Structure formats: C-alpha cells, structure tokens
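Engineer: Below you will find the structure I want to go over with you.
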Amino acid sequence: MAIGFEVNGRAVSVDCAPRTTLADCLRHDLKLTGTHVGCEHGVCGACTVIVNGDAVRSCLMLAVQAKDAKITTVEGLSMEEGLTPLQTAFKKHHALQCGFCTPGMLTTLHALLSEEPHADEDRIRDVISGNICRCTGYITIIEAAMDARSSYQSGEGDKA
Amino acid sequence: MKTHAHTSNTYIGAHIERVEDYRFLRGEGQYLDDVSRDGQWHAAFVRSSVAHGRIRSVDASAALAMPGVHAVITAADIEGDIPTIPFRRPNPTIGPYAQPVIARDKVRYFGEPLAMVLADTPELAEDALAGVMVDIEALPAIIDRESAMADKILLFEQTGTNVPTMFNADKGDVDAAFASADYVIRDQFATQRQTALPMETRGLLAEWDAQTGRLSVSGAAKLPFFNRTTMAKMMNLPDEAVDYIELDVGGGFGARGEFYPEDFLVAFGARKFGHPVKWIEDRREHLMAIGHSREASCDVELAFKKDGTLVGMRGALYINIGAYVRPNGMTPVRNAAQFMSGPYRIPAIHLDAYACVTNKTPAGTYRGPGRYEGCFFIERLMDQAAGALGIDRLDIRRKNLLTHEEMPYPLATVLPSDGRADTQCDSGDHRVTFDTCVKESNWAEKAKLQGKLIDGRYQGIAIGCFIEGGASGPQENVRMLLEADGMVSLFAGSSAIGQGLETILAQIAADSLELPMERIRVFHGSTTYLKMGWGSYGSRATVMGGSAVLDASKKLLDLFRASAAKRLGVAPETLTIAEGVAKAADGRSVPLAEVAGDRLEVDGSFKNNTPTYTYGAAMAHVAVDPGTGHVDVVDYVVVDDVGRIINSMTLHGQVMGAAVQGFGSVFSEELVYNAEGQLLVGSLADYLVPLASDYPVVRCVSMESFPSPTNPLGAKGAGEGGIIPVGGVVANAVANALQDFGVQPKILPLSPSRVWELIDDARLRA
C-alpha cells in the first residue's frame, strides 16, 4: 500500500504491506534505524516515536495508520550537528550505557517536556516508567530529564 | 564536539563524559539489525514445544511451498555427527552433556532448535514456521533438582545420571571445626531462575565468500575470538578464514555473546546457499533461547564460637543448569561453591556443589554468577545466627570480616579444577567499606525503626557484605598506531557491551601517552583488528584491556623517542618526553605528529591469571505493607572498593545499574515453568524487570583505598559487585521488618504474594 506522511520535517511516501508496523517501516523502508525494536509487543518503549505530538509505540502502530501524520524520530530531535539540551543532559548525567533504549527514552521525554515543561519528578518518573532500561537503573535518566526541563521552559528544548 | 578542559595525565580517576554517547544520542548507533546486505535471506527457527521427547519426524514440505521460502535446514541436512557447542572451561565429566547445534534424535527443552527456515523477509520466514510439521513422542519432563537427582528419568541415558559434575570446595578441617563449635545453624534456601535480559535481543548476520573461502559473522559480543575459533573448527576452516564483527551491542550482562546453536546454523545457511543470512531473535524466542541462570538451592550449615567467630561452613549446593552444559554452564556452580564464604574469614569449608540437568533452557552466566546466589545464602544465615547468639548484626559481621593484614587471603579450593581451583582475595580491608556503609546509611538512626509499623508499613534494615571476582585471565592484547594525521588509533581485543569501553581505554591511553583524549581513536571487539584477543567477560575489560594499553603506550613512546632522536641527531636517552613532545637538552623539540610518517606501530599485551577482588557492603531499608505483601526499598546504599577508579561516572553507572537489576532479581523476575517443562513466560509483560517508578533511591560510594597488586593500574573489575549483595541484604531487611511475625524469607523472589503468604502463615502459626 502507498502511504504518505511527514517524518522529521520531510514528506515521504512508502509502499508497504498492510501488516507492516510503523517501526519496521521507519527502520527498513526509510532506513531510520535510530528507532529500536526491543519487544514488539508495546512493553519496552524502545521504539517510541512522536506522532502528531504524542509519544507512540511504533511497534504497536501500523504504517498505514500513519497516513498524513507528522512523525519525529530520534534522528529528528536535532537535525543539525550537536545535541539538544535533553541529549546533552543525558550525556552529562550518564543516563545511557548500551544506548539501545535511549532513542525511546529521548522521544518519550521530549514529547512530555514539550507538552509539560514544568512536569515534576514524580510525573517524569511515572511517564518514563513505560520505557525499560536494563543498564542504568533509571536514576540518572530522571536526573537528566529534570536538568533538561529549564530548556523546555524557555522554549529552547529542540535547539541543538 | 565539546572538548574536555583536561590537561594530560588527569583523565584516570576523573568524571569523564563518554565518547560513545554522541552517536547513541543522535540515533546513529549501529546495532546488528541496523545492518543489511543485498540479497540477504532471513532466518527463523522452529523450536520444540515439547520439553522432553523423541523426534519422530520433521517435515518441511508445506513450508517449502510457501511464498518467499528458499530453504528449511533440519538435522538431516547436516552430514555426520551434529556439531556440539564447546565448553569454555572443560572438566573431565561434562563431555556427553554438550548441546548439539540442532536436535536430531531427542529434544531436551522447550525452545530447542529443530529447524531453520530461510526466506526473503523475516515476516515470510516466521509465517513458514507453521508449515514445518514436527512429530515428537513426549517423554516425562523433569524440571526441578529433586527429580533430576532421583535419576529415574534421564536426559542422557548413556551417562546414567542427571548430575554432570559435582564440585567440591574445600579448606581446612571442617569436621574438627564443627566439633569445636558452640553453635551451628543449618538452613535451606533457594533463588529463582532468571535471565540477563539485555534490551537488544540477539542477532547475527553471516556472509560467506565462496571465492576467498571466508566467513564473516556480524553480531559478536563478549568473546569474539573464542567464538571465531569455535566456528572455524565447526566449519572446518582455518581461524584466519573466519571474522567475527562487533557492532554496537545493546547490553550483555553475561548472557549475550556466548556461542549459541544459532551461531552455527545461521553461518551454515549462509555457506550452504551463498546468500547472506540474517537472524534477529524476537523477545519471546529470547526468553526461551538465550542462557538462563540463578536457579540454585542449598542446604548449608555455619559453625560459630559463642562470641560469633565463624569456624566452619559445610553443606550442599544444587544448581539447575537446564538441559545441556553450555559454554560456561559450570561457572555459576563452581563459583557458588568457591565464593559463598564471601568476605568472611572461615577457616574450614566443605561444600558439595551439584550441577543438575533438567528439561529447561540451558543455563550460563548472569552478572555475578554463583556469587549472588552464595551471598544470599550466607547473608541469610549470618542474620539468623546473630539473632540466635544474641549478637548485634553489625558486630557478628565486623568480627569475621577480612582485614588488610590477612591479604592475600586464600578462598576454598574447588575441584575438579577448571583452571581456577585456587584463588585468593588480592587486597583490601573489608572493615573499611563496612564501616563506611554503616556511616553513610545512617545506621544508628535507622536502627530505631526496626520492626516498627509506620503509616501502615513495617520498617526493616539490613547490611551485608560481598566480594566480586574480576579481571578474568589469561591475557588481553591491543595494537597502537600513530596515524598520518597525528591521531593515535587503538585496536583492542576487549569488547564493548555498553560499559563505556571506548571512553575507559581512551582515558588510559591519553594519560599514558600524555595526549589529549581527542587524539585517541578506539576500535574494538572485531577479530579483524588483531591476530588474537579475548574480550569482555568476568569484569575484565578495564583491568586486562587497560593494562595492555599501558604496555602499548610505553612501547609507542619508546619508538617516538627513537624517531625523534634520529631527527635531532642526539642519543635517545637524552630526550625528555612530555605531553606529546620530545625535547632535547638544547631546547630543540619534535612533536609526536611530526614523526607520523615513520609509521609507529606497536603491540601491547597484558598477561594475568590472578583475579582481582572488588569488595564492599550494602545496606537496605525497606517498608513492607502487610496487607499486600508489597515491599518498598526506601533507601539503599552500596559501598565498594575497586582498587583504583578509572572513571567515577561510569563506575557509578555500573554499580547503580547492577543494584537495580538486583531488585528485579529479589522481587519480580522469574522464569516460570509448568510441570510439563513449558516456559510460561513469553513477554515483558510476564518477565517483570524493574521500571523507573520502582526503585528511586540507590546511593553508591566508591573507594580506592587498596589498589590491586595484580596489575599496573591497580584497578579491579567492578561490573558485577552491585548486584551480588542485593538478594541477601534485601531479604534480611524484610525479615527485620517482619521480626514480630518471625518471618524468615528463604526463597526468592519476594513477590508480593510470597511476602503476603509468609505473613499469613506466621499469623496462622501464632
């Protein structure tokens, strides 16, 4: 099936089978391999992308459902060289080790903080509890998100 | 990219942000499934749904008729004997228990590979699994150690037993010790079956070049060189004709990177058909196919003097290793026996450690193998003994902890030898980490809460101690090359499994070469970089790889000295070298970049078969809800001494991450089987790993008071210590919270239902 949507600010059209998940479409058809697939049943959150402003598990969404949507993947968080404030905070706080869950952590937090730049620690912890990280123990992820809030509060959250 | 404000010689020991983070954060990491080849076929595996049975037939004809399906490999496609998975640490009796790479006559566990489908896409390959008809005559399954040890149903009829090996751990005269004791405590405990669960499932991409006769396998991790040699032997190729390529690796924790049946089968398919073959494990498959671990039980005794002095330990340990002996299947068994004494001075030890085969997924290592289990057993006994003897829990530990004066301190000898029969704690004073933990956790204040009901929850605290073995031998190699652009390329035999290897090795190279870290490029893990290397297992990369870097740096600087001396026309020994510049006595100088054309290249290595022993203590403060059995970890403090800190940030990352993994072990993770040997856990909705909202407080303190004498860095392996004490410490804290009920947890996990049952049973008893 032919589907058109926008990903990271670019209009794309793909031809994929009806059963293709959005995750597989992004990874295999569009070569956006920054989105990772950790469980394929919507539990781990590694495949999270932002669809029309909402954090969505791309393994639970079919590619055809993305028709006309605006999608941001981890590659689209900073289109230029360099890191966004959230990415910089992850590095500063050692909020990643193997890096496999990291794209989903970043997209989930970017969607949250864009919508709720004043989210408190409990809210952040609650939201990010839908994403599994096996390496860090999460504490540094929460610290990084708290640190990055100020950039979202000043409207600079997506500036690299 | 941002540069660090460090001058030379200040990287080691600092809080250095990781160099690998940039690509991971931008979605530019390259993991196995991010790589594809033109014309590649995709593999999917038909796995046994029967835990124990005789194979009558495997009929692939319907699958072969399905769209996009190219081939189905079964045992019938392999000529002669089916190759078996090798042992990394062989012993005389485990030979018959090796796993064939594909089942031919008999299946022995749920998930055992029976056939491999090759198709155009992963979806078509998976579709075709339903077209492979398997007929198996089911046999009774054995799933626990009791039925295994009864030897009535045998997994391997020809051996006559389900116990491939019994290890003995021995030290001193244990009978005399028990005869002289004032008090003996005996009890039984058990830990549950788990798996390491890295976030990236396994995957492989095999390519065969018929013209050159070369095989390339991408997806290496942990020990690429051992696996390369294994593959070469199975394929009847010289070692040099096989490459193992390491990409970014989404977590290891002991399970990923061992040689698995799929390694052979995927490569076999690529060679047979001349197409690249790719396989990505799905999560359900992962849970049944990657190595399990931790299913252990024991019946052990500790003997004390009246004053709490430990005089002896004896008993039996039983490890359920699943259906076959995998490459390091014996490691948790022998480790549990050798390391159960932990940081305590026990002059007489006799432990029998039985490896039992059952119809479950074969086991291997998971972070802190055997040590986590043994620590749970002995720490539970220590608290119960303290109670019975009327001695404070801090005092009974402090009295028996190893001191600096006793180093090196020999542990029990384990036989049959797997090459590591004897070992000794290398350095340290366990009282220091213990006292630091007591102080840091504010024990005196917390002690007032013990057993109290506050806001509907019983408060409990506990402290426990651990040792962690690291720096697994025998050797590591690196190659160092001064590039034309003045950069130094470092090729390491060590593997990156998420622990920050590129940063750690660059720090060590930068300090030892007196160059900025930005001048060092680190390449690692693939067999193409070095003739021989080892990898990353047993918390070895920093000590072994890092020490090899020191060796290479010294040699590179020697070559630099010679090159610079030649240019300046002076004797090499008259030059001083600092910060990448060679200076003559008359003030003339040559910077390193200037001699780049001389092609300075050196090999560095470090040989060492003496493990390091990081050690420490941990404190848990828990709150138990008697209505639901739910346990909150209110506070958790872990203190370790790692000999020498290379990067405080990545070290804390290891310790904290391991501690939280440990909470998963204590409370929620369990691979449950039914009586027929079928795995009932098939998704991350059933296998409950810790989430961000579960354990918000972990504090860690790392010390470097007693450098290891075993290596020039003075460092010790530190990737596993964080998980080792968690079971014992948390279970003791729960017992402390529920002291009024007399609850003594003996079986993990402490799920809400189990804790509630313990409370309920206690109420009924009362």
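Naming works like this for the structure tokens: A, B, ... for the chains as they're shown, residue 1 at the start of each chain, ligands 1 onward in shown order.
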As a PyMOL selection string, please: the residues near segment 274-285 of chain B (cut-off 10 Å, only C-alpha atoms, same-chain neighbours under 5 positions excluded).
Structural biologist: (chain A and resi 37-41) or (chain B and resi 32-33+35-45+47+111+118-122+197+199-210+216-219+262-263+265-269+290+681-684)
Engineer: Please produce a file of the residues just selected, as a short mmCIF file (atom, residue, chain, number, x, y, z; two decimals), in the first residue's frame, where the atoms kept are N, CA and C atoms.
Structural biologist:
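Saved as part_18.cif:
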data_model
loop_
_atom_site.label_atom_id
_atom_site.label_comp_id
_atom_site.auth_asym_id
_atom_site.auth_seq_id
_atom_site.Cartn_x
_atom_site.Cartn_y
_atom_site.Cartn_z
N VAL A 37 13.80 -1.65 18.16
CA VAL A 37 12.70 -2.56 18.48
C VAL A 37 13.19 -3.53 19.55
N GLY A 38 12.61 -3.44 20.74
CA GLY A 38 13.09 -4.26 21.85
C GLY A 38 12.18 -5.39 22.23
N CYS A 39 10.89 -5.29 21.91
CA CYS A 39 9.99 -6.37 22.35
C CYS A 39 8.90 -6.69 21.33
N GLU A 40 8.56 -5.74 20.49
CA GLU A 40 7.49 -5.91 19.50
C GLU A 40 6.13 -6.20 20.11
N HIS A 41 5.98 -5.91 21.43
CA HIS A 41 4.64 -6.02 21.98
C HIS A 41 4.29 -4.86 22.91
N LEU B 32 23.02 -4.64 15.38
CA LEU B 32 23.00 -5.67 14.34
C LEU B 32 21.88 -5.47 13.33
N ASP B 33 20.66 -5.19 13.82
CA ASP B 33 19.54 -5.10 12.89
C ASP B 33 19.57 -3.81 12.06
N VAL B 35 22.03 -3.20 10.16
CA VAL B 35 22.91 -3.54 9.03
C VAL B 35 22.18 -4.54 8.13
N SER B 36 22.23 -4.31 6.85
CA SER B 36 21.61 -5.23 5.89
C SER B 36 22.53 -5.43 4.71
N ARG B 37 22.34 -6.54 4.02
CA ARG B 37 23.13 -6.81 2.81
C ARG B 37 22.18 -7.10 1.64
N ASP B 38 22.59 -6.71 0.47
CA ASP B 38 21.80 -7.02 -0.71
C ASP B 38 21.65 -8.54 -0.83
N GLY B 39 20.47 -8.98 -1.15
CA GLY B 39 20.25 -10.40 -1.38
C GLY B 39 20.23 -11.24 -0.12
N GLN B 40 20.14 -10.59 1.02
CA GLN B 40 20.17 -11.39 2.25
C GLN B 40 18.87 -12.18 2.43
N TRP B 41 19.01 -13.35 3.00
CA TRP B 41 17.86 -14.14 3.42
C TRP B 41 17.69 -13.95 4.92
N HIS B 42 16.46 -14.20 5.36
CA HIS B 42 16.18 -14.05 6.79
C HIS B 42 15.86 -15.41 7.40
N ALA B 43 16.40 -15.62 8.57
CA ALA B 43 16.21 -16.90 9.24
C ALA B 43 15.16 -16.79 10.34
N ALA B 44 14.42 -17.88 10.51
CA ALA B 44 13.53 -18.03 11.67
C ALA B 44 13.62 -19.48 12.12
N PHE B 45 13.46 -19.72 13.41
CA PHE B 45 13.70 -21.05 13.94
C PHE B 45 12.42 -21.75 14.39
N ARG B 47 11.14 -24.20 16.93
CA ARG B 47 11.65 -24.61 18.24
C ARG B 47 10.70 -25.61 18.88
N GLY B 111 11.90 -24.96 23.39
CA GLY B 111 12.65 -23.90 22.71
C GLY B 111 13.87 -24.40 21.98
N LEU B 118 14.62 -20.32 5.90
CA LEU B 118 15.27 -19.19 5.23
C LEU B 118 14.33 -18.64 4.17
N ALA B 119 14.04 -17.34 4.28
CA ALA B 119 13.07 -16.74 3.36
C ALA B 119 13.49 -15.32 3.02
N ASP B 120 12.74 -14.71 2.10
CA ASP B 120 13.10 -13.38 1.62
C ASP B 120 12.99 -12.29 2.67
N THR B 121 12.01 -12.43 3.55
CA THR B 121 11.83 -11.41 4.58
C THR B 121 11.65 -12.12 5.93
N PRO B 122 11.85 -11.39 7.02
CA PRO B 122 11.62 -12.01 8.33
C PRO B 122 10.16 -12.44 8.51
N LEU B 197 18.48 -10.63 30.22
CA LEU B 197 17.58 -9.75 29.50
C LEU B 197 18.19 -8.42 29.02
N MET B 199 18.49 -5.35 26.48
CA MET B 199 17.38 -4.73 25.75
C MET B 199 17.41 -5.03 24.26
N GLU B 200 18.60 -5.21 23.71
CA GLU B 200 18.68 -5.67 22.33
C GLU B 200 18.67 -7.19 22.36
N THR B 201 17.75 -7.80 21.65
CA THR B 201 17.78 -9.26 21.58
C THR B 201 18.99 -9.68 20.76
N ARG B 202 19.25 -10.98 20.72
CA ARG B 202 20.40 -11.43 19.94
C ARG B 202 20.13 -11.28 18.44
N GLY B 203 21.19 -11.30 17.66
CA GLY B 203 21.04 -11.26 16.21
C GLY B 203 22.36 -11.61 15.57
N LEU B 204 22.30 -12.09 14.35
CA LEU B 204 23.50 -12.47 13.62
C LEU B 204 23.31 -12.15 12.14
N LEU B 205 24.41 -11.82 11.50
CA LEU B 205 24.40 -11.68 10.04
C LEU B 205 25.65 -12.39 9.53
N ALA B 206 25.43 -13.50 8.82
CA ALA B 206 26.56 -14.31 8.35
C ALA B 206 26.70 -14.16 6.84
N GLU B 207 27.93 -14.03 6.39
CA GLU B 207 28.21 -13.88 4.95
C GLU B 207 29.33 -14.83 4.56
N TRP B 208 29.12 -15.55 3.49
CA TRP B 208 30.13 -16.49 3.01
C TRP B 208 30.64 -15.99 1.66
N ASP B 209 31.94 -15.87 1.53
CA ASP B 209 32.55 -15.50 0.24
C ASP B 209 33.19 -16.75 -0.34
N ALA B 210 32.49 -17.35 -1.31
CA ALA B 210 32.95 -18.64 -1.84
C ALA B 210 34.29 -18.48 -2.56
N SER B 216 32.15 -14.38 7.35
CA SER B 216 32.10 -13.21 8.23
C SER B 216 30.81 -13.27 9.04
N VAL B 217 30.92 -13.13 10.35
CA VAL B 217 29.75 -13.19 11.23
C VAL B 217 29.66 -11.88 12.01
N SER B 218 28.65 -11.08 11.70
CA SER B 218 28.42 -9.85 12.47
C SER B 218 27.48 -10.15 13.62
N GLY B 219 27.66 -9.41 14.71
CA GLY B 219 26.83 -9.65 15.89
C GLY B 219 27.63 -10.20 17.05
N GLU B 262 22.41 -21.01 17.29
CA GLU B 262 22.08 -20.17 16.13
C GLU B 262 23.34 -19.65 15.44
N ASP B 263 24.43 -19.47 16.19
CA ASP B 263 25.68 -19.01 15.57
C ASP B 263 26.06 -19.96 14.43
N LEU B 265 24.11 -22.34 12.97
CA LEU B 265 23.07 -22.59 11.96
C LEU B 265 22.97 -21.45 10.95
N VAL B 266 23.04 -20.22 11.43
CA VAL B 266 22.95 -19.06 10.53
C VAL B 266 24.14 -19.07 9.57
N ALA B 267 25.33 -19.35 10.11
CA ALA B 267 26.53 -19.39 9.25
C ALA B 267 26.47 -20.57 8.28
N PHE B 268 25.95 -21.69 8.77
CA PHE B 268 25.80 -22.88 7.93
C PHE B 268 24.91 -22.57 6.72
N GLY B 269 23.79 -21.86 6.99
CA GLY B 269 22.88 -21.48 5.92
C GLY B 269 23.54 -20.55 4.91
N ILE B 290 18.02 -17.71 24.95
CA ILE B 290 19.28 -17.20 25.49
C ILE B 290 19.52 -17.88 26.86
N VAL B 681 6.56 -17.95 30.58
CA VAL B 681 6.90 -16.54 30.46
C VAL B 681 7.27 -16.26 29.01
N GLY B 682 6.46 -15.44 28.34
CA GLY B 682 6.70 -15.25 26.91
C GLY B 682 6.82 -13.80 26.49
N SER B 683 6.71 -12.88 27.44
CA SER B 683 6.77 -11.47 27.05
C SER B 683 7.28 -10.65 28.21
N LEU B 684 7.54 -9.37 27.93
CA LEU B 684 7.99 -8.48 29.00
C LEU B 684 6.83 -8.06 29.90
#
Engineer: How close does chain A get to chain B? List, as a tab-separated table, each residue of chain A within 7 Å, its nearest atom pair and the distance in Å to one decimal, counting only C-alpha atoms.
Structural biologist:
residue	atom	partner	partner_atom	distance
A:Thr33	CA	B:Asp34	CA	5.7
A:Gly34	CA	B:Gly27	CA	3.9
A:Gly38	CA	B:Glu200	CA	5.8
A:Cys39	CA	B:Arg283	CA	5.2
A:Val43	CA	B:Leu684	CA	6.2
A:Val74	CA	B:Gly27	CA	5.6
A:Glu75	CA	B:Gly27	CA	5.5
A:Gly82	CA	B:Met1	CA	7.0
A:Gln87	CA	B:Leu25	CA	6.0
A:Lys91	CA	B:Asp21	CA	6.3
A:Lys92	CA	B:Glu17	CA	6.2
A:His94	CA	B:Met649	CA	6.9
A:Gln97	CA	B:Gly498	CA	4.9
A:Cys98	CA	B:Gly498	CA	3.5
A:Gly99	CA	B:Phe24	CA	5.4
A:Phe100	CA	B:Gly250	CA	5.1
A:Cys101	CA	B:Met199	CA	6.9
A:Thr102	CA	B:Leu25	CA	6.7
A:Pro103	CA	B:Gly27	CA	6.3
A:Arg125	CA	B:Ser693	CA	5.6
A:Asp126	CA	B:Ser693	CA	6.0
A:Ile128	CA	B:Ala692	CA	6.4
A:Ser129	CA	B:Ala692	CA	4.6
A:Ile132	CA	B:Leu691	CA	6.1
A:Arg134	CA	B:Pro198	CA	6.4
A:Cys135	CA	B:Gly657	CA	5.2
A:Thr136	CA	B:Gly657	CA	4.3
A:Gly137	CA	B:Gly657	CA	4.3
A:Tyr138	CA	B:Ala692	CA	5.4
A:Ile139	CA	B:Pro696	CA	6.4
Engineer: Run DSSP on the backbone and grab whatever in segment 161-239 of chain B lands in alpha helix (DSSP H); send it over as a ChimeraX atom specification.
Structural biologist: /B:174-179,224-235
Engineer: Would you mind exporting the chosen residues as a compact mmCIF listing (two decimals), in the first residue's frame, restricted to N, CA and C atoms?
Structural biologist:
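selection-v5.txt written:
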# COMPACT_ATOMS: atom_id res chain seq x y z
N VAL B 174 37.04 -29.42 58.27
CA VAL B 174 35.69 -28.96 58.59
C VAL B 174 35.05 -29.79 59.72
N ASP B 175 35.37 -31.07 59.79
CA ASP B 175 34.79 -31.89 60.87
C ASP B 175 35.28 -31.40 62.23
N ALA B 176 36.57 -31.13 62.31
CA ALA B 176 37.13 -30.64 63.57
C ALA B 176 36.51 -29.30 63.93
N ALA B 177 36.31 -28.46 62.91
CA ALA B 177 35.74 -27.13 63.16
C ALA B 177 34.34 -27.26 63.75
N PHE B 178 33.53 -28.13 63.14
CA PHE B 178 32.16 -28.29 63.64
C PHE B 178 32.15 -28.95 65.02
N ALA B 179 33.12 -29.84 65.27
CA ALA B 179 33.20 -30.48 66.59
C ALA B 179 33.54 -29.46 67.66
N PRO B 224 34.63 -12.57 21.06
CA PRO B 224 34.65 -12.85 19.61
C PRO B 224 35.74 -13.82 19.19
N PHE B 225 36.88 -13.80 19.83
CA PHE B 225 37.99 -14.63 19.36
C PHE B 225 37.75 -16.10 19.68
N PHE B 226 37.24 -16.39 20.86
CA PHE B 226 36.89 -17.77 21.20
C PHE B 226 35.82 -18.29 20.23
N ASN B 227 34.83 -17.45 19.95
CA ASN B 227 33.75 -17.89 19.06
C ASN B 227 34.26 -18.06 17.63
N ARG B 228 35.19 -17.23 17.23
CA ARG B 228 35.78 -17.36 15.90
C ARG B 228 36.46 -18.73 15.76
N THR B 229 37.25 -19.08 16.76
CA THR B 229 37.95 -20.36 16.73
C THR B 229 36.96 -21.52 16.73
N THR B 230 35.91 -21.38 17.54
CA THR B 230 34.87 -22.41 17.60
C THR B 230 34.22 -22.60 16.24
N MET B 231 33.83 -21.49 15.65
CA MET B 231 33.16 -21.53 14.34
C MET B 231 34.09 -22.14 13.29
N ALA B 232 35.35 -21.72 13.31
CA ALA B 232 36.30 -22.23 12.32
C ALA B 232 36.41 -23.75 12.41
N LYS B 233 36.48 -24.25 13.64
CA LYS B 233 36.56 -25.70 13.84
C LYS B 233 35.31 -26.40 13.29
N MET B 234 34.16 -25.87 13.63
CA MET B 234 32.90 -26.49 13.19
C MET B 234 32.76 -26.46 11.67
N MET B 235 33.28 -25.40 11.06
CA MET B 235 33.16 -25.21 9.61
C MET B 235 34.33 -25.83 8.87
Engineer: Contacts of Gly727 of chain B at 9 Å or less, counting only C-alpha atoms, minus same-chain residues fewer than 6 places along, as a list of chain:residue names?
Structural biologist: B:Thr191, B:Tyr372, B:Glu373, B:Cys375, B:Phe376, B:Phe377, B:Glu379, B:Gly662, B:Phe663, B:Ser665, B:Val666, B:Leu748, B:Pro749
Engineer: Could those residues be written to a file, using N, CA and C atoms, as a PDB file, in the first residue's frame?
Structural biologist:
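Result file out26.pdb:
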ATOM      1  N   THR B 191      17.157 -19.657  45.175  1.00  0.00           N
ATOM      2  CA  THR B 191      16.982 -18.499  44.282  1.00  0.00           C
ATOM      3  C   THR B 191      16.345 -18.980  42.980  1.00  0.00           C
ATOM      4  N   TYR B 372      25.984 -14.058  43.525  1.00  0.00           N
ATOM      5  CA  TYR B 372      24.706 -13.529  44.013  1.00  0.00           C
ATOM      6  C   TYR B 372      24.006 -14.605  44.842  1.00  0.00           C
ATOM      7  N   GLU B 373      23.976 -15.834  44.305  1.00  0.00           N
ATOM      8  CA  GLU B 373      23.283 -16.930  44.983  1.00  0.00           C
ATOM      9  C   GLU B 373      23.944 -17.228  46.333  1.00  0.00           C
ATOM     10  N   CYS B 375      25.905 -15.374  48.109  1.00  0.00           N
ATOM     11  CA  CYS B 375      25.804 -14.241  49.034  1.00  0.00           C
ATOM     12  C   CYS B 375      24.431 -14.244  49.713  1.00  0.00           C
ATOM     13  N   PHE B 376      23.393 -14.562  48.954  1.00  0.00           N
ATOM     14  CA  PHE B 376      22.052 -14.663  49.551  1.00  0.00           C
ATOM     15  C   PHE B 376      22.042 -15.731  50.654  1.00  0.00           C
ATOM     16  N   PHE B 377      22.635 -16.890  50.357  1.00  0.00           N
ATOM     17  CA  PHE B 377      22.615 -17.988  51.326  1.00  0.00           C
ATOM     18  C   PHE B 377      23.340 -17.592  52.621  1.00  0.00           C
ATOM     19  N   GLU B 379      24.392 -14.635  53.770  1.00  0.00           N
ATOM     20  CA  GLU B 379      23.918 -13.459  54.498  1.00  0.00           C
ATOM     21  C   GLU B 379      22.642 -13.769  55.286  1.00  0.00           C
ATOM     22  N   GLY B 662      19.466  -6.046  40.521  1.00  0.00           N
ATOM     23  CA  GLY B 662      19.333  -6.936  41.680  1.00  0.00           C
ATOM     24  C   GLY B 662      17.949  -6.853  42.308  1.00  0.00           C
ATOM     25  N   PHE B 663      17.363  -5.661  42.327  1.00  0.00           N
ATOM     26  CA  PHE B 663      15.999  -5.548  42.863  1.00  0.00           C
ATOM     27  C   PHE B 663      15.031  -6.359  42.001  1.00  0.00           C
ATOM     28  N   SER B 665      15.824  -9.067  40.560  1.00  0.00           N
ATOM     29  CA  SER B 665      16.077 -10.443  40.979  1.00  0.00           C
ATOM     30  C   SER B 665      15.350 -10.767  42.281  1.00  0.00           C
ATOM     31  N   VAL B 666      15.366  -9.848  43.206  1.00  0.00           N
ATOM     32  CA  VAL B 666      14.788 -10.111  44.526  1.00  0.00           C
ATOM     33  C   VAL B 666      13.268 -10.123  44.489  1.00  0.00           C
ATOM     34  N   LEU B 748      13.565 -16.896  46.965  1.00  0.00           N
ATOM     35  CA  LEU B 748      13.351 -15.707  46.142  1.00  0.00           C
ATOM     36  C   LEU B 748      12.552 -16.120  44.903  1.00  0.00           C
ATOM     37  N   PRO B 749      11.809 -15.202  44.256  1.00  0.00           N
ATOM     38  CA  PRO B 749      11.724 -13.780  44.580  1.00  0.00           C
ATOM     39  C   PRO B 749      10.740 -13.486  45.711  1.00  0.00           C
TER      40      PRO B 749
END
Engineer: Can you list every residue in chain A that DSSP puts in strand (DSSP E), as a ChimeraX atom specification?
Structural biologist: /A:2-7,10-15,48-51,54-57,70-72
Engineer: Would you please work out which residue, of A:Leu106, A:Ala145, A:Leu60, A:Met79, is nearest to Asp122 of chain A when using only C-alpha atoms?
Structural biologist: A:Ala145
Engineer: Which is closest to Val51 of chain A among A:Ile71, A:Ile124, A:Leu96, A:Ile3, if we use only C-alpha atoms?
Structural biologist: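 Looking only at the distances to Val51 of chain A, the closest residue turns out to be A:Ile71.
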Engineer: Extract, using only C-alpha atoms, all DNA, RNA and protein residues at most 7 Å from Met133 of chain B, discarding same-chain residues fewer than 4 positions from it, and format them as a PyMOL selection string.
Structural biologist: chain B and resi 58-60
